[in-house]
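> Dropping in data_9.txt, which is compact mmCIF, C-alpha atoms:
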# COMPACT_ATOMS: atom_id res chain seq x y z
CA MET C 1 -12.83 -28.67 6.25
CA ARG C 2 -12.92 -26.35 9.18
CA ALA C 3 -11.03 -23.73 7.21
CA ILE C 4 -13.57 -23.87 4.40
CA LEU C 5 -16.37 -23.58 6.94
CA ALA C 6 -14.67 -20.57 8.45
CA VAL C 7 -14.45 -18.89 5.08
CA THR C 8 -18.04 -19.56 4.11
CA ILE C 9 -19.34 -18.05 7.33
CA PHE C 10 -17.82 -14.73 6.43
CA CYS C 11 -20.09 -12.52 4.46
CA VAL C 12 -17.43 -10.93 2.41
CA GLY C 13 -18.17 -7.26 2.43
CA LEU C 14 -15.98 -4.56 1.08
CA THR C 15 -16.32 -2.20 3.93
CA LEU C 16 -15.83 1.35 2.95
CA SER C 17 -12.66 2.66 4.45
CA ALA C 18 -14.30 6.05 4.74
CA ALA C 19 -16.66 4.62 7.31
CA THR C 20 -14.05 2.68 9.20
CA ALA C 21 -11.73 5.63 9.44
CA LEU C 22 -14.40 7.57 11.20
CA ALA C 23 -15.21 4.89 13.73
CA HIS C 24 -13.93 7.28 16.29
CA HIS C 25 -15.39 6.02 19.49
CA SER C 26 -17.88 3.72 21.00
CA PHE C 27 -21.38 5.06 20.73
CA ALA C 28 -22.51 2.67 23.43
CA ALA C 29 -20.25 4.12 26.09
CA GLU C 30 -21.73 7.57 25.83
CA PHE C 31 -25.29 7.32 24.51
CA ASP C 32 -28.27 5.13 25.29
CA ALA C 33 -29.90 3.20 22.46
CA ASN C 34 -32.88 2.65 24.74
CA GLN C 35 -33.53 6.37 24.76
CA PRO C 36 -34.26 7.36 21.19
CA ILE C 37 -35.31 10.95 20.93
CA THR C 38 -36.82 13.29 18.36
CA LEU C 39 -36.19 16.96 18.88
CA THR C 40 -37.72 19.86 17.00
CA GLY C 41 -35.96 23.13 17.48
CA THR C 42 -34.08 26.03 16.01
CA LEU C 43 -30.41 25.97 15.24
CA THR C 44 -28.44 28.27 17.53
CA LYS C 45 -24.88 27.25 16.80
CA MET C 46 -22.85 24.86 14.74
CA GLU C 47 -19.31 23.92 15.72
CA TRP C 48 -17.46 22.81 12.65
CA VAL C 49 -14.73 20.97 14.54
CA ASN C 50 -12.86 17.69 14.59
CA PRO C 51 -13.27 14.84 15.35
CA HIS C 52 -16.95 15.49 14.77
CA GLY C 53 -19.07 18.60 14.68
CA TRP C 54 -21.72 19.68 17.11
CA ILE C 55 -24.97 21.43 16.40
CA TYR C 56 -26.93 23.18 19.11
CA ILE C 57 -30.67 23.61 18.96
CA ASP C 58 -33.16 25.40 21.19
CA VAL C 59 -35.96 23.03 21.99
CA LYS C 60 -39.12 23.97 23.86
CA ASP C 61 -40.13 21.34 26.37
CA GLN C 62 -43.72 20.61 27.45
CA SER C 63 -43.74 23.41 30.02
CA GLY C 64 -42.63 25.88 27.40
CA LYS C 65 -39.13 26.15 28.80
CA VAL C 66 -36.41 26.36 26.21
CA VAL C 67 -33.53 23.94 26.57
CA ASN C 68 -30.47 24.09 24.40
CA TRP C 69 -29.50 20.63 23.18
CA ALA C 70 -26.08 19.61 21.95
CA ILE C 71 -26.20 17.15 19.08
CA GLU C 72 -23.17 15.18 18.06
CA ALA C 73 -22.88 15.51 14.32
CA GLY C 74 -20.69 14.42 11.46
CA ALA C 75 -16.98 14.84 10.92
CA PRO C 76 -16.29 18.12 9.14
CA ASN C 77 -13.78 16.57 6.76
CA ALA C 78 -16.33 14.11 5.47
CA LEU C 79 -18.98 16.83 5.18
CA LEU C 80 -16.51 19.08 3.35
CA ARG C 81 -15.64 16.36 0.89
CA ARG C 82 -19.34 15.82 0.34
CA GLY C 83 -19.61 19.49 -0.69
CA LEU C 84 -21.24 20.76 2.47
CA ARG C 85 -20.22 23.99 4.12
CA LYS C 86 -20.89 25.62 7.45
CA THR C 87 -23.12 28.10 5.58
CA ASP C 88 -25.43 25.21 4.70
CA PHE C 89 -26.50 25.25 8.33
CA PRO C 90 -27.92 28.76 8.81
CA ILE C 91 -28.55 29.87 12.37
CA GLY C 92 -32.22 30.09 13.12
CA SER C 93 -33.20 27.22 10.82
CA GLU C 94 -35.91 24.96 12.08
CA VAL C 95 -34.64 21.43 12.32
CA VAL C 96 -35.86 18.05 13.41
CA VAL C 97 -33.20 15.83 14.94
CA LYS C 98 -33.56 12.13 15.51
CA GLY C 99 -30.96 10.55 17.74
CA PHE C 100 -30.21 8.98 21.08
CA ARG C 101 -29.84 10.63 24.46
CA ALA C 102 -26.64 10.71 26.46
CA LYS C 103 -26.54 8.27 29.35
CA ASN C 104 -25.64 10.99 31.80
CA GLY C 105 -28.98 12.74 31.40
CA THR C 106 -27.63 16.01 30.04
CA PRO C 107 -29.40 17.54 27.04
CA THR C 108 -26.97 15.86 24.69
CA ALA C 109 -27.76 13.49 21.88
CA ASN C 110 -26.00 11.53 19.19
CA GLY C 111 -27.60 12.81 16.01
CA GLN C 112 -28.75 10.27 13.48
CA THR C 113 -30.65 12.52 11.07
CA VAL C 114 -31.19 16.22 10.78
CA THR C 115 -34.09 17.35 8.67
CA PHE C 116 -34.65 20.95 7.70
CA LYS C 117 -38.02 22.59 7.12
CA ASP C 118 -37.33 22.91 3.43
CA GLY C 119 -37.03 19.17 3.24
CA ARG C 120 -33.26 18.86 3.08
CA ASN C 121 -32.09 15.89 5.05
CA PHE C 122 -28.48 15.84 6.06
CA PHE C 123 -27.36 12.59 7.47
CA LEU C 124 -25.24 13.73 10.34
CA GLY C 125 -24.96 10.50 12.24
CA ALA C 126 -21.81 10.39 14.25
CA SER C 127 -19.79 7.24 14.15
CA GLU C 128 -21.57 3.98 14.74
CA THR C 129 -25.05 5.42 15.02
CA PRO C 130 -27.37 2.42 15.17
CA GLY C 131 -29.81 1.89 12.39
CA ALA C 132 -27.93 4.15 10.01
CA PRO C 133 -29.20 3.84 6.47
CA GLN C 134 -27.32 1.37 4.33
CA MET N 1 -7.00 -30.01 -3.50
CA HIS N 2 -7.86 -28.45 -0.21
CA GLN N 3 -6.23 -25.23 -1.31
CA ILE N 4 -8.15 -25.14 -4.58
CA VAL N 5 -11.47 -25.71 -2.87
CA LEU N 6 -10.62 -23.03 -0.36
CA THR N 7 -9.80 -20.57 -3.11
CA VAL N 8 -12.95 -21.33 -5.06
CA VAL N 9 -15.13 -20.95 -2.00
CA THR N 10 -13.40 -17.73 -1.12
CA LEU N 11 -13.95 -16.45 -4.64
CA LEU N 12 -17.61 -17.36 -4.54
CA ALA N 13 -17.98 -15.70 -1.18
CA ALA N 14 -16.29 -12.61 -2.52
CA LEU N 15 -18.62 -12.40 -5.46
CA ALA N 16 -21.75 -12.98 -3.43
CA VAL N 17 -23.75 -9.84 -3.19
CA GLY N 18 -24.20 -9.14 0.48
CA PRO N 19 -25.89 -6.16 2.08
CA ARG N 20 -24.34 -2.85 1.18
CA PRO N 21 -21.65 -2.07 3.73
CA ALA N 22 -22.90 0.16 6.49
CA ALA N 23 -20.69 2.91 5.27
CA ALA N 24 -23.38 5.39 6.23
CA GLN N 25 -22.64 4.71 9.86
CA GLY N 26 -20.61 7.73 10.59
CA ASP N 27 -20.27 10.66 8.39
CA VAL N 28 -20.89 9.27 4.95
CA ASN N 29 -23.83 10.03 2.71
CA PRO N 30 -25.00 6.68 1.43
CA THR N 31 -26.01 7.98 -1.96
CA THR N 32 -23.02 10.12 -2.82
CA ASP N 33 -20.06 8.97 -0.76
CA VAL N 34 -20.16 5.22 -1.10
CA PRO N 35 -18.35 4.13 -4.20
CA PRO N 36 -19.73 1.03 -5.88
CA ARG N 37 -18.31 -2.15 -4.46
CA PRO N 38 -15.90 -3.54 -7.05
CA ALA N 39 -16.06 -7.17 -7.95
CA ASN N 40 -12.31 -7.26 -8.05
CA ILE N 41 -9.31 -5.13 -7.30
CA ALA N 42 -6.63 -4.87 -9.99
CA GLY N 43 -8.18 -7.96 -11.52
CA CYS N 44 -7.84 -9.92 -8.28
CA PRO N 45 -10.64 -11.24 -6.08
CA ALA N 46 -12.02 -8.82 -3.52
CA GLU N 47 -11.17 -10.86 -0.42
CA ASN N 48 -8.01 -10.41 1.58
CA LEU N 49 -6.35 -13.80 1.26
CA ALA N 50 -7.34 -14.27 -2.38
CA PHE N 51 -6.22 -10.73 -3.19
CA HIS N 52 -2.97 -11.27 -1.32
CA THR N 53 -2.01 -14.33 -3.36
CA CYS N 54 -3.22 -12.96 -6.68
CA ALA N 55 -1.78 -9.47 -6.29
CA LEU N 56 1.71 -10.68 -5.42
CA GLN N 57 1.61 -12.91 -8.48
CA LYS N 58 0.59 -10.01 -10.73
CA ALA N 59 3.19 -7.74 -9.21
CA ARG N 60 5.96 -10.02 -10.43
CA THR N 61 5.33 -8.97 -14.01
CA PHE N 62 4.31 -5.36 -13.44
CA THR N 63 6.84 -2.59 -13.95
CA PRO N 64 5.86 0.37 -11.78
CA PRO N 65 6.43 3.96 -12.86
CA ARG N 66 9.75 5.35 -11.68
CA THR N 67 10.78 8.50 -9.87
CA PRO N 68 13.44 10.60 -11.62
CA SER N 69 16.03 8.84 -9.48
CA GLY N 70 14.83 5.46 -10.67
CA ARG N 71 12.92 4.22 -7.61
CA PRO N 72 9.45 2.71 -7.90
CA ASN N 73 7.07 5.64 -7.70
CA LEU N 74 4.46 5.04 -5.03
CA GLN N 75 3.63 8.70 -4.70
CA GLY N 76 0.06 9.90 -4.62
CA TYR N 77 -3.11 9.77 -2.61
CA TRP N 78 -4.26 6.34 -1.52
CA ARG N 79 -7.36 4.81 0.00
CA SER N 80 -7.53 1.39 1.56
CA ARG N 81 -9.78 -1.39 0.34
CA LEU N 82 -10.56 -4.83 1.81
CA THR N 83 -10.36 -3.18 5.20
CA GLN N 84 -12.62 -2.67 8.13
CA ALA N 85 -11.91 -1.14 11.51
CA TRP N 86 -13.64 -3.70 13.71
CA SER N 87 -11.31 -6.66 13.93
CA VAL N 88 -8.35 -7.93 11.96
CA GLU N 89 -9.78 -11.40 12.63
CA GLY N 90 -12.89 -10.45 10.68
CA VAL N 91 -16.52 -10.39 11.74
CA PRO N 92 -18.58 -13.51 11.04
CA VAL N 93 -22.21 -13.20 9.96
CA ASN N 94 -23.36 -14.84 13.20
CA ASP N 95 -21.24 -12.59 15.42
CA PRO N 96 -23.37 -11.14 18.25
CA LEU N 97 -21.99 -7.68 17.53
CA ALA N 98 -23.09 -7.92 13.90
CA THR N 99 -26.65 -7.32 15.09
CA ASP N 100 -25.87 -5.20 18.11
CA VAL N 101 -28.14 -2.18 18.18
CA PHE N 102 -25.42 0.08 19.55
CA GLN N 103 -22.66 -0.62 17.11
CA ALA N 104 -23.32 -3.08 14.35
CA TRP N 105 -20.07 -4.66 13.28
CA GLU N 106 -20.41 -5.39 9.63
CA PRO N 107 -19.72 -9.02 8.72
CA SER N 108 -16.41 -9.01 6.95
CA ALA N 109 -13.46 -11.16 6.02
CA PRO N 110 -10.36 -11.22 8.20
CA GLU N 111 -7.55 -8.91 7.20
CA ILE N 112 -5.21 -11.61 8.55
CA VAL N 113 -3.74 -13.80 5.82
CA GLU N 114 -1.26 -15.78 7.94
CA PRO N 115 -1.54 -18.05 9.89
CA ALA N 116 -3.99 -20.26 8.03
CA ASP N 117 -6.68 -20.06 10.70
CA ARG N 118 -6.59 -16.27 10.25
CA LYS N 119 -6.54 -15.57 13.94
CA ILE N 120 -3.96 -13.64 15.94
CA PRO N 121 -1.57 -16.23 17.43
CA TYR N 122 -1.83 -14.87 20.97
CA GLN N 123 -0.11 -16.41 23.93
CA ALA N 124 -2.73 -17.52 26.46
CA TRP N 125 -2.30 -14.55 28.80
CA ALA N 126 -2.63 -12.08 25.92
CA ALA N 127 -5.74 -13.64 24.36
CA ALA N 128 -7.71 -12.55 27.43
CA ILE N 129 -6.67 -8.94 26.85
CA GLY N 130 -7.11 -8.62 23.10
CA ARG N 131 -9.95 -9.98 21.01
CA ARG N 132 -12.66 -7.94 22.79
CA GLY N 133 -11.27 -8.93 26.16
CA VAL N 134 -9.94 -6.65 28.88
CA ASN N 135 -8.90 -3.86 26.52
CA PHE N 136 -12.25 -3.68 24.77
CA LYS N 137 -14.33 -3.98 27.93
CA GLN N 138 -12.47 -1.69 30.29
CA TYR N 139 -10.38 0.75 28.32
CA ILE N 140 -10.86 3.59 25.89
CA ASP N 141 -9.59 2.98 22.38
CA PRO N 142 -6.50 5.17 22.05
CA ARG N 143 -7.91 6.61 18.82
CA THR N 144 -10.83 7.92 20.83
CA THR N 145 -8.39 10.00 22.85
CA CYS N 146 -7.04 11.38 19.58
CA SER N 147 -3.89 9.30 19.82
CA SER N 148 -2.51 7.52 16.81
CA GLY N 149 -3.96 4.41 15.26
CA GLY N 150 -0.38 3.21 15.11
CA VAL N 151 0.97 0.58 12.76
CA PRO N 152 -0.61 -1.02 10.78
CA ARG N 153 -3.95 0.51 11.73
CA LEU N 154 -2.99 3.85 10.15
CA ALA N 155 -2.62 2.10 6.82
CA LEU N 156 -6.29 1.21 6.81
CA GLN N 157 -7.55 4.59 7.88
CA ASP N 158 -8.78 6.50 4.92
CA ALA N 159 -7.00 8.97 2.70
CA SER N 160 -3.26 8.94 2.97
CA GLN N 161 -0.48 10.35 0.86
CA ILE N 162 2.91 8.85 0.06
CA LEU N 163 5.73 11.21 -0.82
CA GLN N 164 9.22 10.33 -1.99
CA PRO N 165 11.38 13.44 -1.70
CA PRO N 166 13.99 13.42 -4.46
CA THR N 167 16.99 12.92 -2.21
CA ASP N 168 15.60 9.44 -1.46
CA ASP N 169 16.66 9.81 2.16
CA HIS N 170 13.11 9.35 3.38
CA VAL N 171 9.68 8.22 2.34
CA LEU N 172 6.84 10.14 3.95
CA TRP N 173 3.45 8.65 4.60
CA LEU N 174 0.93 11.29 5.59
CA HIS N 175 -2.55 10.56 6.93
CA ASP N 176 -5.82 12.46 7.19
CA ASP N 177 -6.44 10.57 10.39
CA HIS N 178 -5.64 12.41 13.59
CA HIS N 179 -2.95 14.49 11.97
CA GLN N 180 -0.60 11.50 11.87
CA PHE N 181 2.40 11.11 9.64
CA ARG N 182 5.20 8.62 9.37
CA VAL N 183 8.77 9.31 8.40
CA ILE N 184 10.52 6.28 6.95
CA ALA N 185 14.26 6.63 6.90
CA MET N 186 15.76 4.95 3.86
CA GLY N 187 19.12 3.23 3.94
CA GLN N 188 21.26 2.15 6.83
CA ARG N 189 20.97 3.98 10.11
CA PRO N 190 22.36 3.13 13.53
CA ALA N 191 19.96 1.29 15.79
CA VAL N 192 18.15 3.29 18.44
CA GLY N 193 18.05 2.05 22.02
CA SER N 194 14.91 0.25 23.13
CA ASP N 195 14.22 2.88 25.74
CA VAL N 196 13.11 5.19 22.94
CA GLN N 197 9.47 4.25 22.47
CA THR N 198 7.08 5.94 20.08
CA TRP N 199 3.48 5.74 18.98
CA ASN N 200 4.15 4.81 15.37
CA GLY N 201 7.53 3.20 15.84
CA LEU N 202 10.82 4.17 14.24
CA SER N 203 10.85 3.05 10.63
CA ARG N 204 13.68 2.07 8.33
CA GLY N 205 12.95 1.43 4.70
CA ARG N 206 14.69 -0.20 1.76
CA TRP N 207 13.82 -1.33 -1.74
CA GLU N 208 13.71 -5.02 -2.58
CA GLY N 209 13.14 -5.00 -6.30
CA ASN N 210 9.90 -3.09 -6.72
CA THR N 211 8.83 -3.53 -3.11
CA LEU N 212 9.19 -0.90 -0.42
CA VAL N 213 10.09 -2.81 2.73
CA ILE N 214 9.56 -0.91 5.99
CA GLU N 215 10.86 -2.30 9.27
CA SER N 216 9.65 -0.64 12.43
CA THR N 217 10.66 -1.06 16.05
CA ASN N 218 10.69 1.14 19.16
CA PHE N 219 6.94 1.11 19.65
CA ASN N 220 5.44 2.20 22.94
CA GLY N 221 2.68 -0.41 22.67
CA TYR N 222 0.04 2.18 23.56
CA THR N 223 -1.95 1.63 20.38
CA TRP N 224 -4.64 -0.87 19.45
CA ILE N 225 -4.46 -2.80 16.23
CA ASP N 226 -8.25 -2.60 15.72
CA ASP N 227 -11.52 -1.68 17.46
CA ALA N 228 -11.55 -5.08 19.18
CA GLY N 229 -8.60 -4.01 21.30
CA ASP N 230 -6.03 -6.29 19.74
CA PHE N 231 -2.58 -5.18 20.73
CA TYR N 232 1.17 -5.53 20.89
CA THR N 233 3.76 -4.26 23.37
CA ASN N 234 6.94 -2.26 23.26
CA THR N 235 8.86 -5.33 22.03
CA ALA N 236 6.99 -5.46 18.72
CA ARG N 237 8.68 -5.49 15.34
CA ILE N 238 6.57 -4.84 12.28
CA THR N 239 7.63 -5.36 8.68
CA GLU N 240 5.50 -3.78 6.00
CA ARG N 241 5.77 -4.38 2.28
CA LEU N 242 4.24 -2.14 -0.36
CA THR N 243 4.25 -3.36 -3.95
CA MET N 244 2.45 -1.83 -6.90
CA VAL N 245 0.23 -4.28 -8.73
CA ASP N 246 -0.97 -1.92 -11.42
CA PRO N 247 -0.74 1.86 -11.88
CA ASN N 248 -3.55 2.46 -9.36
CA THR N 249 -3.14 -0.34 -6.85
CA ILE N 250 -0.66 -1.15 -4.12
CA HIS N 251 -0.54 -4.50 -2.38
CA TYR N 252 0.03 -3.76 1.29
CA GLU N 253 1.04 -6.32 3.85
CA ALA N 254 2.32 -6.12 7.41
CA THR N 255 3.99 -8.87 9.41
CA LEU N 256 3.69 -8.43 13.16
CA GLU N 257 6.13 -9.99 15.58
CA ASP N 258 6.13 -9.63 19.33
CA PRO N 259 7.61 -12.47 21.37
CA THR N 260 5.98 -11.01 24.48
CA VAL N 261 2.49 -11.46 23.06
CA TYR N 262 2.41 -13.89 20.14
CA THR N 263 3.49 -17.47 19.63
CA ARG N 264 4.64 -16.72 16.09
CA PRO N 265 4.60 -13.85 13.57
CA TRP N 266 1.34 -13.13 11.75
CA LYS N 267 0.41 -11.13 8.68
CA VAL N 268 -2.34 -8.86 7.42
CA ALA N 269 -2.82 -7.82 3.80
CA TRP N 270 -5.08 -5.44 1.90
CA ALA N 271 -5.11 -3.05 -1.01
CA LEU N 272 -4.39 0.62 -1.37
CA ILE N 273 -6.06 2.14 -4.39
CA ARG N 274 -5.19 5.45 -5.90
CA GLU N 275 -7.49 8.37 -5.22
CA THR N 276 -8.05 9.96 -8.63
CA GLU N 277 -10.52 12.72 -7.83
CA PRO N 278 -9.15 15.95 -9.32
CA GLY N 279 -8.09 18.48 -6.72
CA PHE N 280 -8.08 15.95 -3.91
CA GLU N 281 -6.10 16.97 -0.85
CA LEU N 282 -5.52 15.58 2.58
CA ILE N 283 -7.49 17.44 5.21
CA GLU N 284 -6.00 17.47 8.66
CA GLU N 285 -8.23 15.96 11.30
CA SER N 286 -7.26 18.12 14.26
CA CYS N 287 -8.88 15.70 16.63
CA ARG N 288 -8.17 17.43 19.91
CA GLU N 289 -9.64 20.78 18.87
CA GLY N 290 -13.19 19.64 19.36
CA GLU N 291 -13.04 16.39 21.27
CA ARG N 292 -15.99 16.57 23.65
CA SER N 293 -16.97 13.01 24.37
CA LEU N 294 -14.27 11.71 26.66
CA GLY N 295 -15.82 13.15 29.79
CA ARG N 296 -19.07 11.26 29.22
CA ILE N 297 -17.21 8.07 28.28
CA ARG N 298 -15.11 8.24 31.44
CA GLU N 299 -18.25 8.83 33.50
CA GLN N 300 -19.33 5.38 32.40
CA GLY N 301 -16.19 3.90 33.94
CA ALA N 302 -13.90 3.41 30.96
CA ARG N 303 -10.19 4.06 31.57
CA PHE N 304 -7.46 5.61 29.47
CA TYR N 305 -5.25 3.00 27.82
CA PHE N 306 -1.51 3.25 28.18
CA GLY N 307 -0.83 -0.46 28.01
CA ALA N 308 -1.75 -1.15 31.65
CA PRO N 309 -3.09 -4.67 30.98
CA TRP N 310 0.25 -5.80 29.56
CA ARG N 311 2.55 -3.55 31.53
CA PHE N 312 1.17 -4.66 34.87
CA ARG N 313 0.28 -8.24 34.01
Please, can you express the file's structure as structure tokens?


Amino acid sequence: MRAILAVTIFCVGLTLSAATALAHHSFAAEFDANQPITLTGTLTKMEWVNPHGWIYIDVKDQSGKVVNWAIEAGAPNALLRRGLRKTDFPIGSEVVVKGFRAKNGTPTANGQTVTFKDGRNFFLGASETPGAPQ
Amino acid sequence: MHQIVLTVVTLLAALAVGPRPAAAQGDVNPTTDVPPRPANIAGCPAENLAFHTCALQKARTFTPPRTPSGRPNLQGYWRSRLTQAWSVEGVPVNDPLATDVFQAWEPSAPEIVEPADRKIPYQAWAAAIGRRGVNFKQYIDPRTTCSSGGVPRLALQDASQILQPPTDDHVLWLHDDHHQFRVIAMGQRPAVGSDVQTWNGLSRGRWEGNTLVIESTNFNGYTWIDDAGDFYTNTARITERLTMVDPNTIHYEATLEDPTVYTRPWKVAWALIRETEPGFELIEESCREGERSLGRIREQGARFYFGAPWRFR
């Protein structure tokens, strides 16, 4: 009886191995889900590297000072297989990034979405970003 | 009777339409990258234990394609199904981590098919370390440091390639993940002393009918079996069996033994399905080239894992 109960509790999902393979590290250890952040800035650099890429954006804070933020982005292999290329991220593009701040207070965030001015929306959430679209 | 009811319930659970898997966590576009969830795999139910039983039955009457030298031909690109990275013991719907805002663990069936309770048969001292215990709470997952997923975790990481060079001396299993590869020596070889300890073990393979049987020893025990920090030590022995069920499906199972950690052997099973996209290639994940997170993770107090909890128990 217990065994049947155990089975029925499980919502049997076919988890996509693509997602599980990229569960690279614990989001919670590095970033703070209590510090969601939206950044509007211009793209200064994109590092197309493993295990996940990084995009850098210049963001003007309230005082007008420009701070360069590092945003943890998607794994290049997955982006490549999706047909994306480094050239899809032109330097100087205006982008809006939604993500979560690093716990250590540096201008670093775990990117959840990146939206370009022309409306393109690249989901660049690094592994285990909370609230990722289903 | 009990068995029949169990199977029926499992089947019903498998067919129930749950929420779409959170495949978009991570680097997957939910509209283009997520293949539709199949109702079955090779005509077998899409749940690990049900698939395990059904697939082995089907395999008995399936004749796999042959290599020129007459061996079953398992070559090609493969992707795992009925797998998740979180825990081989599965994630129940009411699991606290299933709704955790940091890292939602998708409710999923266990990958364990034996023993019947589908839990790792840990000895008491080890249960406190695995199963989201000491390892999970205090240490950094070895994959996070770009080390190997080890065995059998590599077999559930995505996109691998099996090669059978024509001399039949070896079978090669290459992985996208963290530039890992396994060399399986076929035929009899002399044993290697236990002081030789490796991340993915030393593997010896043989054919039993249409099944590739891989026996691996000489592990260093520095790997985790899953994200929950389940583990084995350097006394582990793992036996994997790969059997084609149909032209595009392999039944994969692994039996894990480690008298230091477990009270008995236990087994996981899932499917490998053939990747058929034209032009598909493995892409090396050169993890260390751009790993930038470890500093911040260590700042939060997590430690590197080299088996300390079991080595210094």

> Residues within 7 Å of N:His178, please, as a PyMOL selection string. Count all atoms listed in the file; anything in the same chain fewer than 4 positions from it doesn't count.

chain N and resi 146+148+285-287

> Find the residues around stretch 200-204 of chain N up to 12 Å (all atoms listed in the file counted), leave out those fewer than 2 positions away in its own chain, and share them as an MDAnalysis selection string.

chainID N and resid 147:155 169:173 180:198 206:207 212:225 232:241

> Point out the residue among C:Gly64, C:Gly99, C:Pro51, C:Pro90 with the least atom-to-atom distance to C:Asn77, counting only C-alpha atoms.

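Result for the nearest residue to C:Asn77: C:Pro51.
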
> Let me have the centre and edge lengths of the axis-aligned box enclosing all listed atoms of stretch 121-130 of chain N with 4 Å padding on every side, in Å to one decimal, as JSON.


{"center_x": -3.9, "center_y": -13.1, "center_z": 23.1, "size_x": 15.6, "size_y": 16.9, "size_z": 19.4}

> Out of N:Leu282, N:Ala128, N:Leu74, N:Val245, which residue has the shortest atom-to-atom distance to chain C when counting all atoms listed in the file?

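Among the listed residues, N:Leu282 lies closest to chain C.
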
> Using only C-alpha atoms, which protein or nucleic acid residues come within 12 Å of C:Val114? Drop anything in the same chain fewer than 5 positions from it, and give the result as a ChimeraX atom specification.

/C:38-43,54-57,71-74,89,93-99,109,119-126

> Using all atoms listed in the file for the distances, tell me which of N:Leu174, N:Ala308, N:Ile129, N:Ile140 is nearest to chain C.

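Closest to chain C, using all atoms listed in the file: N:Ile140.
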
> Give the answer as one residue: which of C:Ala75, C:Val67, C:Met46, C:Val59 has the shortest atom-to-atom distance to chain N, using all atoms listed in the file?

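Distance minimum relative to chain N lands on C:Ala75.
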
> Would you mind putting back N, CA and C atoms on stretch 73-87 of chain N, then writing it out as an mmCIF file, keeping the file's coordinate frame?


data_model
loop_
_atom_site.group_PDB
_atom_site.id
_atom_site.type_symbol
_atom_site.label_atom_id
_atom_site.label_comp_id
_atom_site.auth_asym_id
_atom_site.auth_seq_id
_atom_site.Cartn_x
_atom_site.Cartn_y
_atom_site.Cartn_z
ATOM 1 N N ASN N 73 7.761 4.418 -8.096
ATOM 2 C CA ASN N 73 7.070 5.640 -7.700
ATOM 3 C C ASN N 73 5.731 5.298 -7.074
ATOM 4 N N LEU N 74 5.690 5.338 -5.757
ATOM 5 C CA LEU N 74 4.460 5.040 -5.030
ATOM 6 C C LEU N 74 3.729 6.320 -4.622
ATOM 7 N N GLN N 75 4.178 7.430 -5.168
ATOM 8 C CA GLN N 75 3.630 8.700 -4.700
ATOM 9 C C GLN N 75 2.193 8.894 -5.136
ATOM 10 N N GLY N 76 1.441 9.588 -4.298
ATOM 11 C CA GLY N 76 0.060 9.900 -4.620
ATOM 12 C C GLY N 76 -0.818 9.761 -3.413
ATOM 13 N N TYR N 77 -2.109 9.930 -3.662
ATOM 14 C CA TYR N 77 -3.110 9.770 -2.610
ATOM 15 C C TYR N 77 -3.664 8.360 -2.701
ATOM 16 N N TRP N 78 -3.845 7.735 -1.548
ATOM 17 C CA TRP N 78 -4.260 6.340 -1.520
ATOM 18 C C TRP N 78 -5.402 6.138 -0.543
ATOM 19 N N ARG N 79 -6.274 5.211 -0.902
ATOM 20 C CA ARG N 79 -7.360 4.810 0.000
ATOM 21 C C ARG N 79 -7.307 3.314 0.160
ATOM 22 N N SER N 80 -7.613 2.826 1.349
ATOM 23 C CA SER N 80 -7.530 1.390 1.560
ATOM 24 C C SER N 80 -8.804 0.699 1.087
ATOM 25 N N ARG N 81 -8.646 -0.541 0.689
ATOM 26 C CA ARG N 81 -9.780 -1.390 0.340
ATOM 27 C C ARG N 81 -9.537 -2.755 0.954
ATOM 28 N N LEU N 82 -10.623 -3.537 1.112
ATOM 29 C CA LEU N 82 -10.560 -4.830 1.810
ATOM 30 C C LEU N 82 -10.163 -4.594 3.262
ATOM 31 N N THR N 83 -10.658 -3.497 3.804
ATOM 32 C CA THR N 83 -10.360 -3.180 5.200
ATOM 33 C C THR N 83 -11.632 -2.854 5.956
ATOM 34 N N GLN N 84 -11.585 -3.121 7.217
ATOM 35 C CA GLN N 84 -12.620 -2.670 8.130
ATOM 36 C C GLN N 84 -11.945 -2.447 9.474
ATOM 37 N N ALA N 85 -12.566 -1.580 10.272
ATOM 38 C CA ALA N 85 -11.910 -1.140 11.510
ATOM 39 C C ALA N 85 -12.168 -2.098 12.652
ATOM 40 N N TRP N 86 -13.169 -2.957 12.534
ATOM 41 C CA TRP N 86 -13.640 -3.700 13.710
ATOM 42 C C TRP N 86 -12.610 -4.667 14.254
ATOM 43 N N SER N 87 -12.219 -5.634 13.433
ATOM 44 C CA SER N 87 -11.310 -6.660 13.930
ATOM 45 C C SER N 87 -10.497 -7.232 12.785
#
